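Undergrad: Quick one, work_6.csv (CSV, C-alpha atoms):
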```csv
chain,number,residue,atom,x,y,z
A,481,MET,CA,-21.6,30.2,19.3
A,482,ILE,CA,-21.9,26.4,19.6
A,483,SER,CA,-21.2,24.9,23.0
A,484,ASN,CA,-18.4,22.3,23.1
A,485,ARG,CA,-21.0,19.9,24.7
A,486,SER,CA,-23.5,20.3,21.8
A,487,THR,CA,-23.7,17.7,19.1
A,488,ILE,CA,-22.0,18.9,16.0
A,489,ASN,CA,-24.3,18.6,13.0
A,490,ARG,CA,-24.1,19.7,9.3
A,491,ARG,CA,-26.0,22.9,9.9
A,492,TRP,CA,-23.0,24.3,11.8
A,493,LEU,CA,-20.1,22.6,10.1
A,494,PRO,CA,-17.3,25.2,9.9
A,495,LEU,CA,-16.3,24.6,6.3
A,496,ASN,CA,-13.7,27.4,6.1
A,497,ALA,CA,-12.1,26.2,9.3
A,498,LEU,CA,-12.0,22.6,8.0
A,499,ARG,CA,-10.4,23.8,4.8
A,500,ALA,CA,-7.8,25.7,6.8
A,501,PHE,CA,-7.1,22.7,9.1
A,502,GLU,CA,-6.6,20.5,6.0
A,503,ALA,CA,-4.2,22.9,4.4
A,504,VAL,CA,-2.1,23.4,7.6
A,505,GLY,CA,-2.2,19.6,8.2
A,506,GLN,CA,-1.0,18.8,4.7
A,507,HIS,CA,1.9,21.2,4.9
A,508,LEU,CA,2.5,21.0,8.7
A,509,SER,CA,2.9,24.7,8.5
A,510,PHE,CA,0.6,27.7,9.0
A,511,THR,CA,2.7,29.6,6.4
A,512,GLY,CA,2.5,26.8,3.9
A,513,GLY,CA,-1.2,26.3,4.5
A,514,ALA,CA,-1.9,30.0,4.1
A,515,SER,CA,0.0,30.2,0.9
A,516,ALA,CA,-1.9,27.2,-0.5
A,517,LEU,CA,-5.3,28.9,0.2
A,518,SER,CA,-4.1,32.4,-0.6
A,519,VAL,CA,-5.1,33.8,2.7
A,520,SER,CA,-3.2,35.4,5.6
A,521,GLN,CA,-1.4,33.3,8.2
A,522,SER,CA,-3.4,35.1,10.9
A,523,ALA,CA,-6.6,34.0,9.3
A,524,MET,CA,-5.4,30.4,9.2
A,525,SER,CA,-4.5,30.6,12.8
A,526,ARG,CA,-8.0,32.0,13.8
A,527,HIS,CA,-9.8,29.3,11.7
A,528,VAL,CA,-7.8,26.4,13.3
A,529,GLY,CA,-8.1,27.9,16.7
A,530,GLY,CA,-11.9,28.1,16.3
A,531,LEU,CA,-12.0,24.5,15.2
A,532,GLU,CA,-10.0,23.4,18.2
A,533,ASP,CA,-12.4,25.4,20.5
A,534,LEU,CA,-15.4,23.7,18.9
A,535,LEU,CA,-13.9,20.2,19.3
A,536,GLY,CA,-12.4,21.0,22.7
A,537,LYS,CA,-9.2,19.3,21.6
A,538,GLN,CA,-5.8,20.4,20.3
A,539,LEU,CA,-5.2,19.4,16.7
A,540,PHE,CA,-1.6,20.5,16.4
A,541,VAL,CA,1.4,20.5,18.8
A,542,ARG,CA,3.1,23.9,18.3
A,543,ASP,CA,6.7,24.5,19.3
A,544,ALA,CA,9.5,26.8,18.1
A,545,SER,CA,11.0,24.4,15.6
A,546,ARG,CA,8.1,22.4,14.1
A,547,LEU,CA,4.4,21.8,13.9
A,548,SER,CA,2.9,18.3,14.3
A,549,LEU,CA,-0.5,16.7,14.5
A,550,THR,CA,-1.9,15.5,17.8
A,551,ALA,CA,-3.8,12.2,17.9
A,552,ALA,CA,-7.0,14.0,17.3
A,553,GLY,CA,-5.5,15.8,14.4
A,554,GLU,CA,-4.2,12.6,12.8
A,555,GLU,CA,-7.7,11.1,13.2
A,556,LEU,CA,-9.5,14.1,11.6
A,557,LEU,CA,-7.1,15.0,8.8
A,558,PRO,CA,-7.7,12.0,6.4
A,559,VAL,CA,-11.4,12.3,6.9
A,560,VAL,CA,-11.5,16.0,6.0
A,561,SER,CA,-9.2,15.4,3.1
A,562,LYS,CA,-11.3,12.6,1.8
A,563,CYS,CA,-14.6,14.5,2.1
A,564,LEU,CA,-13.2,17.6,0.4
A,565,ASP,CA,-11.7,15.4,-2.4
A,566,ARG,CA,-15.0,13.7,-3.0
A,567,LEU,CA,-16.8,17.1,-3.1
A,568,GLU,CA,-14.2,18.4,-5.6
A,569,GLN,CA,-14.4,15.3,-7.8
A,570,THR,CA,-18.2,15.2,-7.8
A,571,MET,CA,-18.6,19.0,-8.5
A,572,ASN,CA,-16.1,18.8,-11.4
A,573,ALA,CA,-17.9,15.8,-12.8
A,574,ILE,CA,-21.3,17.6,-12.7
A,575,ARG,CA,-19.8,20.7,-14.3
A,576,ASP,CA,-18.1,18.6,-17.0
A,577,ASP,CA,-21.3,16.5,-17.6
A,578,GLU,CA,-19.5,13.3,-16.3
A,579,VAL,CA,-21.9,12.5,-13.5
A,580,THR,CA,-22.4,8.9,-14.9
A,581,GLY,CA,-18.7,8.2,-14.4
A,582,ARG,CA,-17.3,6.9,-11.1
A,583,SER,CA,-13.8,7.4,-10.1
A,584,PHE,CA,-12.1,6.1,-6.9
A,585,ARG,CA,-8.5,6.0,-5.9
A,586,LEU,CA,-6.7,2.7,-5.4
A,587,HIS,CA,-3.1,2.1,-4.2
A,588,VAL,CA,-1.3,-1.1,-5.3
A,589,PRO,CA,2.3,-2.0,-4.4
A,590,PRO,CA,4.6,-1.9,-7.4
A,591,SER,CA,5.6,-5.6,-7.7
A,592,LEU,CA,2.0,-6.8,-7.2
A,593,LEU,CA,0.9,-4.2,-9.8
A,594,GLN,CA,3.3,-5.4,-12.5
A,595,GLN,CA,3.1,-9.1,-11.8
A,596,LEU,CA,-0.5,-9.7,-11.1
A,597,PHE,CA,-2.8,-6.7,-11.0
A,598,LEU,CA,-2.5,-5.2,-14.4
A,599,PRO,CA,-4.2,-8.1,-16.2
A,600,MET,CA,-6.9,-8.0,-13.5
A,601,LEU,CA,-7.4,-4.3,-14.1
A,602,ARG,CA,-7.8,-4.9,-17.9
A,603,ASP,CA,-10.5,-7.4,-17.2
A,604,PHE,CA,-12.3,-5.2,-14.7
A,605,ARG,CA,-12.3,-2.3,-17.1
A,606,ALA,CA,-13.8,-4.5,-19.8
A,607,GLU,CA,-16.6,-5.6,-17.5
A,608,HIS,CA,-17.2,-2.2,-15.9
A,609,PRO,CA,-16.2,0.5,-18.3
A,610,ASP,CA,-18.3,3.1,-16.5
A,611,ILE,CA,-16.2,2.9,-13.3
A,612,ARG,CA,-13.1,5.0,-13.4
A,613,LEU,CA,-10.1,3.9,-11.3
A,614,ASP,CA,-7.1,6.2,-10.4
A,615,VAL,CA,-4.4,3.7,-9.6
A,616,SER,CA,-1.3,4.8,-7.8
A,617,SER,CA,1.8,2.8,-6.9
A,618,ALA,CA,4.6,3.6,-4.4
A,619,HIS,CA,7.1,1.6,-2.5
A,620,VAL,CA,5.7,1.4,1.1
A,621,THR,CA,5.3,-1.2,3.8
A,622,GLY,CA,1.8,-1.1,5.1
A,623,LEU,CA,-0.6,1.7,4.1
A,624,PRO,CA,0.5,4.6,2.0
A,625,PRO,CA,0.8,8.0,3.7
A,626,THR,CA,-1.9,9.7,1.6
A,627,ASP,CA,-5.5,8.7,1.9
A,628,PHE,CA,-7.1,6.4,-0.7
A,629,ASP,CA,-10.6,5.0,-1.2
A,630,MET,CA,-9.0,1.5,-1.2
A,631,ALA,CA,-5.5,0.4,-0.7
A,632,ILE,CA,-3.7,-3.0,-1.2
A,633,ALA,CA,-1.1,-3.1,1.5
A,634,TYR,CA,2.0,-5.3,1.7
A,635,ASP,CA,2.3,-6.0,5.4
A,636,ARG,CA,2.1,-8.5,8.3
A,637,PRO,CA,-1.3,-9.2,9.7
A,638,ASN,CA,-2.5,-6.3,11.9
A,639,VAL,CA,-5.7,-4.8,13.3
A,640,ASP,CA,-6.9,-1.2,12.7
A,641,ASP,CA,-10.1,0.6,12.2
A,642,ARG,CA,-10.3,-0.4,8.5
A,643,VAL,CA,-12.1,-3.3,6.8
A,644,THR,CA,-9.3,-5.7,6.0
A,645,ASP,CA,-9.3,-8.6,3.5
A,646,LEU,CA,-6.4,-11.0,2.9
A,647,LEU,CA,-5.9,-11.2,-0.9
A,648,TRP,CA,-2.5,-13.0,-1.2
A,649,MET,CA,-0.3,-14.7,1.4
A,650,VAL,CA,3.4,-14.5,0.3
A,651,ARG,CA,5.3,-17.8,-0.1
A,652,VAL,CA,9.0,-17.2,-0.7
A,653,ALA,CA,12.0,-19.3,-1.8
A,654,PRO,CA,15.5,-18.4,-3.1
A,655,LEU,CA,15.2,-17.6,-6.8
A,656,CYS,CA,17.9,-16.8,-9.3
A,657,SER,CA,18.8,-17.0,-13.0
A,658,ALA,CA,19.5,-20.3,-14.7
A,659,GLU,CA,23.2,-19.4,-15.0
A,660,THR,CA,23.4,-18.7,-11.3
A,661,ALA,CA,21.5,-21.9,-10.4
A,662,LYS,CA,24.3,-24.0,-12.0
A,663,ALA,CA,26.3,-23.4,-8.9
A,664,SER,CA,23.7,-25.3,-6.9
A,665,ILE,CA,24.6,-28.7,-8.5
A,666,GLY,CA,25.8,-31.1,-5.9
A,667,LYS,CA,25.5,-28.6,-3.1
A,668,THR,CA,23.1,-28.2,-0.2
A,669,LEU,CA,21.0,-25.1,0.1
A,670,GLU,CA,23.3,-23.8,2.8
A,671,GLN,CA,26.4,-24.4,0.7
A,672,PHE,CA,24.8,-22.7,-2.3
A,673,LEU,CA,23.7,-19.6,-0.5
A,674,GLN,CA,27.1,-19.2,1.2
A,675,SER,CA,28.6,-18.7,-2.3
A,676,GLN,CA,26.0,-16.3,-3.6
A,677,GLU,CA,25.3,-12.6,-3.3
A,678,PHE,CA,22.1,-11.8,-1.4
A,679,LEU,CA,19.6,-9.5,-3.0
A,680,HIS,CA,17.5,-7.7,-0.4
A,681,LEU,CA,14.1,-6.1,-0.3
A,682,LYS,CA,14.0,-3.0,1.8
A,683,LEU,CA,11.1,-2.6,4.2
A,684,ASP,CA,10.2,0.7,5.9
A,685,GLY,CA,11.9,1.1,9.2
A,686,GLU,CA,13.5,-2.4,9.2
A,687,PRO,CA,17.1,-3.6,8.7
A,688,ARG,CA,17.9,-4.3,5.1
A,689,GLU,CA,18.7,-8.0,6.0
A,690,LEU,CA,15.4,-8.6,7.8
A,691,LEU,CA,13.8,-11.0,5.3
A,692,TRP,CA,16.9,-13.0,4.5
A,693,THR,CA,17.7,-13.3,8.3
A,694,ALA,CA,14.1,-14.5,9.0
A,695,TYR,CA,14.2,-16.9,6.1
A,696,LEU,CA,17.5,-18.5,7.2
A,697,ARG,CA,16.4,-18.7,10.8
A,698,GLN,CA,13.1,-20.4,9.8
A,699,SER,CA,15.0,-22.8,7.6
A,700,GLY,CA,17.5,-23.7,10.3
A,701,LEU,CA,20.5,-22.1,8.6
A,702,SER,CA,23.0,-19.6,9.8
A,703,MET,CA,25.3,-17.3,7.8
A,704,PRO,CA,26.1,-13.6,7.4
A,705,THR,CA,23.5,-11.6,5.4
A,706,HIS,CA,24.9,-8.1,5.5
A,707,GLY,CA,26.3,-8.0,2.0
A,708,GLY,CA,24.7,-7.8,-1.4
A,709,VAL,CA,22.4,-5.2,-3.0
A,710,ALA,CA,19.1,-3.9,-1.6
A,711,PHE,CA,16.1,-2.8,-3.7
A,712,ASP,CA,12.9,-1.0,-3.0
A,713,THR,CA,10.8,-3.6,-4.8
A,714,THR,CA,10.8,-7.3,-5.4
A,715,ILE,CA,10.4,-6.8,-9.1
A,716,ALA,CA,13.6,-4.8,-9.2
A,717,ALA,CA,15.4,-7.6,-7.4
A,718,ALA,CA,14.0,-10.1,-9.8
A,719,GLN,CA,15.1,-8.2,-12.8
A,720,TYR,CA,18.6,-7.7,-11.4
A,721,ALA,CA,18.8,-11.5,-10.7
A,722,MET,CA,17.7,-12.4,-14.2
A,723,ALA,CA,20.1,-9.9,-15.9
A,724,ALA,CA,23.1,-10.1,-13.6
A,725,SER,CA,23.7,-12.4,-10.6
A,726,GLY,CA,22.6,-13.0,-7.0
A,727,VAL,CA,19.7,-14.7,-5.3
A,728,PHE,CA,16.6,-13.0,-4.0
A,729,LEU,CA,13.6,-14.2,-1.9
A,730,GLY,CA,10.8,-14.2,-4.4
A,731,ASP,CA,7.1,-15.1,-4.1
A,732,VAL,CA,7.0,-18.4,-6.0
A,733,ASP,CA,3.4,-17.9,-6.9
A,734,MET,CA,3.8,-14.3,-8.1
A,735,PHE,CA,6.8,-15.3,-10.2
A,736,ALA,CA,5.3,-18.6,-11.3
A,737,GLN,CA,5.3,-17.6,-15.0
A,738,GLU,CA,9.0,-16.6,-14.9
A,739,ILE,CA,9.8,-19.9,-13.2
A,740,ALA,CA,7.8,-21.9,-15.8
A,741,ASP,CA,9.6,-20.0,-18.6
A,742,GLY,CA,13.0,-20.7,-17.1
A,743,ARG,CA,13.8,-17.0,-16.7
A,744,LEU,CA,13.9,-17.6,-13.0
A,745,VAL,CA,14.9,-20.9,-11.3
A,746,MET,CA,14.1,-22.2,-7.8
A,747,PRO,CA,17.1,-24.5,-7.3
A,748,TYR,CA,15.7,-26.0,-4.0
A,749,ASP,CA,12.2,-26.9,-2.9
A,750,ALA,CA,12.5,-24.6,0.1
A,751,VAL,CA,9.4,-22.6,0.2
A,752,ILE,CA,8.2,-20.9,3.4
A,753,GLU,CA,5.5,-18.4,4.4
A,754,ASP,CA,7.4,-15.4,5.8
A,755,GLY,CA,4.4,-13.8,7.5
A,756,TYR,CA,3.8,-11.1,4.9
A,757,GLY,CA,0.8,-10.8,2.6
A,758,TYR,CA,-1.2,-8.4,0.5
A,759,TYR,CA,-4.3,-7.0,2.3
A,760,LEU,CA,-7.1,-4.9,0.8
A,761,LYS,CA,-8.0,-2.1,3.2
A,762,LEU,CA,-10.8,0.4,3.1
A,763,HIS,CA,-13.0,2.4,5.5
A,764,ALA,CA,-16.2,0.7,6.6
A,765,ASP,CA,-18.4,3.6,5.7
A,766,ASP,CA,-17.1,3.4,2.0
A,767,LEU,CA,-18.9,0.1,1.6
A,768,ALA,CA,-22.1,2.1,1.3
A,769,ASP,CA,-20.7,3.1,-2.1
A,770,PRO,CA,-22.0,0.4,-4.6
A,771,ALA,CA,-18.9,0.8,-6.9
A,772,ILE,CA,-16.5,0.2,-4.0
A,773,SER,CA,-18.4,-2.6,-2.5
A,774,MET,CA,-18.7,-4.3,-5.9
A,775,PHE,CA,-15.0,-3.8,-6.7
A,776,ARG,CA,-14.0,-5.3,-3.3
A,777,SER,CA,-16.0,-8.5,-4.0
A,778,TRP,CA,-14.7,-8.7,-7.5
A,779,LEU,CA,-11.1,-8.3,-6.4
A,780,ILE,CA,-11.4,-10.9,-3.6
A,781,ASN,CA,-12.9,-13.4,-6.0
A,782,ARG,CA,-10.2,-12.8,-8.7
A,783,PHE,CA,-7.4,-13.3,-6.2
A,784,GLY,CA,-9.0,-16.4,-4.9
A,785,GLN,CA,-9.1,-17.8,-8.5
A,786,LEU,CA,-5.5,-16.8,-9.2
A,787,ARG,CA,-3.8,-18.8,-6.5
A,788,PRO,CA,-2.0,-21.7,-8.4
A,789,GLU,CA,-1.3,-25.1,-7.2
A,790,PRO,CA,1.9,-25.2,-5.0
A,791,SER,CA,4.9,-24.6,-7.2
A,792,GLN,CA,7.3,-27.4,-8.0
A,793,ALA,CA,11.0,-26.9,-7.6
A,794,ALA,CA,12.7,-26.2,-10.9
A,795,GLN,CA,16.0,-28.1,-10.6
A,796,GLY,CA,19.0,-26.2,-11.8
```
What would you get if you wrote out this structure as structure tokens?

TA:
Amino acid sequence: MISNRSTINRRWLPLNALRAFEAVGQHLSFTGGASALSVSQSAMSRHVGGLEDLLGKQLFVRDASRLSLTAAGEELLPVVSKCLDRLEQTMNAIRDDEVTGRSFRLHVPPSLLQQLFLPMLRDFRAEHPDIRLDVSSAHVTGLPPTDFDMAIAYDRPNVDDRVTDLLWMVRVAPLCSAETAKASIGKTLEQFLQSQEFLHLKLDGEPRELLWTAYLRQSGLSMPTHGGVAFDTTIAAAQYAMAASGVFLGDVDMFAQEIADGRLVMPYDAVIEDGYGYYLKLHADDLADPAISMFRSWLINRFGQLRPEPSQAAQG
């Protein structure tokens, strides 16, 4: 038996226990984890208990109603999942004679994916056809709940244990259709907004009116913001505004083409930075992977080239 004080090295890595811990952690259930691995619940319990003894730390909080990860468990689970995923991918690639291919997982928020990232992805694939990307997109503020090799996160600036690069700082202004913008003629921004329906972007764990409330406060305006329609993504709010009515806070650079085409109008030159941006995040040890390191540099450079000159107001 290995002493808890001994250095843990690869000769003694308890692989079965790590697999059991990952399965239980993913399901937050010993029963669910046992079913996923087709073993008994008692075997799962013994494996996890042995791993906890080895580490000298509890990995789960067990009570009558639920199972949850401790701080140690939350730290260990994504690392174990990532290592097992990488082993699985590499072994399958070897078996299928695809060892020259490289696949890594990237998360991109939906609006950024549709408005800016897809053309970038096309260019990257043309330049580097041997590197395989698995792109996922889900509405989430900050990092997605599942682990990725790289993730572009929509968030405020923050510090964590990941390498973080700012790709795109959001600059927003009220945007609407050309038809809706006609109501702005002869009115101040405050008068115009008071007569319009607010379209909101929902952020995880925040009031639906957060972004509009912050925008109005920063602009020195005061009015109710509780009405209107809320959407999970900015692209959905934009599509609704173009097809129906209402005003949404849109990134004037992200929607520069729609503004240039007249599909969206910025009736007032009232652009602000709202504190949110798109950040590329990855684990520092992944920079040892040449494909990930190269893609990171490529992406930073492309976003740097993409930033247009400050948008001019499109008068409605």

Undergrad: Which of these, A:Glu554, A:Asp533, A:Glu677, A:Asp754, has the shortest distance to Leu696 of chain A once you count only C-alpha atoms?

TA: A:Asp754

Undergrad: From the set A:Val745, A:Leu786, A:Ala552, A:Leu673, which residue has the shortest atom-to-atom contact distance to Gln538 of chain A, counting all atoms listed in the file?

TA: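 Using all atoms listed in the file, the shortest distance to Gln538 of chain A belongs to A:Ala552.
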
Undergrad: Which residues of segment 660-717 of chain A come within 12 Å of segment 594-613 of chain A, and for each one, what is the closest pair of atoms and their distance in Å to one decimal, counting all atoms listed in the file, sorted by chain and residue number, as a tab-separated table?

TA:
```
residue	atom	partner	partner_atom	distance
A:Thr713	CA	A:Gln594	CA	10.9
A:Thr714	CA	A:Gln595	CA	10.2
A:Ile715	CA	A:Gln594	CA	8.0
A:Ala716	CA	A:Gln594	CA	10.8
```

Undergrad: Take the selection from the previous step and output its residues with C-alpha atoms, as a PDB file, keeping the file's coordinate frame.

TA:
```pdb
ATOM      1  CA  THR A 713      10.800  -3.600  -4.800  1.00  0.00           C
ATOM      2  CA  THR A 714      10.800  -7.300  -5.400  1.00  0.00           C
ATOM      3  CA  ILE A 715      10.400  -6.800  -9.100  1.00  0.00           C
ATOM      4  CA  ALA A 716      13.600  -4.800  -9.200  1.00  0.00           C
TER       5      ALA A 716
END
```

Undergrad: Go ahead and compute the interatomic distance for atom CA of Tyr758 of chain A and atom CA of Ala631 of chain A, in Å to one decimal.

TA: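 Interatomic distance, atom CA of Tyr758 of chain A to atom CA of Ala631 of chain A: 9.9 Å.
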
Undergrad: Go through A:Leu593, A:Val541, A:Ala500, A:Asp749 one by one, measure the shortest atom-to-atom distance of each to Ser522 of chain A using all atoms listed in the file, and give the residue with the smallest value.

TA: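 Selected residue with least distance to Ser522 of chain A: A:Ala500.
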
Undergrad: Which polymer residues, whether protein, DNA or RNA, lie within 12 Å of the coordinate (0.4, -1.5, -4.2) when you count all atoms listed in the file? List them as a PDB file with C-alpha atoms, keeping the file's coordinate frame, using the chain letters and numbers from the file.

TA:
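Produced file point-v3.pdb, reproduced below:
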```
ATOM      1  CA  ARG A 585      -8.500   6.000  -5.900  1.00  0.00           C
ATOM      2  CA  LEU A 586      -6.700   2.700  -5.400  1.00  0.00           C
ATOM      3  CA  HIS A 587      -3.100   2.100  -4.200  1.00  0.00           C
ATOM      4  CA  VAL A 588      -1.300  -1.100  -5.300  1.00  0.00           C
ATOM      5  CA  PRO A 589       2.300  -2.000  -4.400  1.00  0.00           C
ATOM      6  CA  PRO A 590       4.600  -1.900  -7.400  1.00  0.00           C
ATOM      7  CA  SER A 591       5.600  -5.600  -7.700  1.00  0.00           C
ATOM      8  CA  LEU A 592       2.000  -6.800  -7.200  1.00  0.00           C
ATOM      9  CA  LEU A 593       0.900  -4.200  -9.800  1.00  0.00           C
ATOM     10  CA  GLN A 594       3.300  -5.400 -12.500  1.00  0.00           C
ATOM     11  CA  GLN A 595       3.100  -9.100 -11.800  1.00  0.00           C
ATOM     12  CA  LEU A 596      -0.500  -9.700 -11.100  1.00  0.00           C
ATOM     13  CA  PHE A 597      -2.800  -6.700 -11.000  1.00  0.00           C
ATOM     14  CA  LEU A 598      -2.500  -5.200 -14.400  1.00  0.00           C
ATOM     15  CA  VAL A 615      -4.400   3.700  -9.600  1.00  0.00           C
ATOM     16  CA  SER A 616      -1.300   4.800  -7.800  1.00  0.00           C
ATOM     17  CA  SER A 617       1.800   2.800  -6.900  1.00  0.00           C
ATOM     18  CA  ALA A 618       4.600   3.600  -4.400  1.00  0.00           C
ATOM     19  CA  HIS A 619       7.100   1.600  -2.500  1.00  0.00           C
ATOM     20  CA  VAL A 620       5.700   1.400   1.100  1.00  0.00           C
ATOM     21  CA  THR A 621       5.300  -1.200   3.800  1.00  0.00           C
ATOM     22  CA  GLY A 622       1.800  -1.100   5.100  1.00  0.00           C
ATOM     23  CA  LEU A 623      -0.600   1.700   4.100  1.00  0.00           C
ATOM     24  CA  PRO A 624       0.500   4.600   2.000  1.00  0.00           C
ATOM     25  CA  PHE A 628      -7.100   6.400  -0.700  1.00  0.00           C
ATOM     26  CA  MET A 630      -9.000   1.500  -1.200  1.00  0.00           C
ATOM     27  CA  ALA A 631      -5.500   0.400  -0.700  1.00  0.00           C
ATOM     28  CA  ILE A 632      -3.700  -3.000  -1.200  1.00  0.00           C
ATOM     29  CA  ALA A 633      -1.100  -3.100   1.500  1.00  0.00           C
ATOM     30  CA  TYR A 634       2.000  -5.300   1.700  1.00  0.00           C
ATOM     31  CA  ASP A 635       2.300  -6.000   5.400  1.00  0.00           C
ATOM     32  CA  THR A 713      10.800  -3.600  -4.800  1.00  0.00           C
ATOM     33  CA  THR A 714      10.800  -7.300  -5.400  1.00  0.00           C
ATOM     34  CA  GLY A 757       0.800 -10.800   2.600  1.00  0.00           C
ATOM     35  CA  TYR A 758      -1.200  -8.400   0.500  1.00  0.00           C
ATOM     36  CA  TYR A 759      -4.300  -7.000   2.300  1.00  0.00           C
ATOM     37  CA  LEU A 760      -7.100  -4.900   0.800  1.00  0.00           C
ATOM     38  CA  LYS A 761      -8.000  -2.100   3.200  1.00  0.00           C
TER      39      LYS A 761
END
```
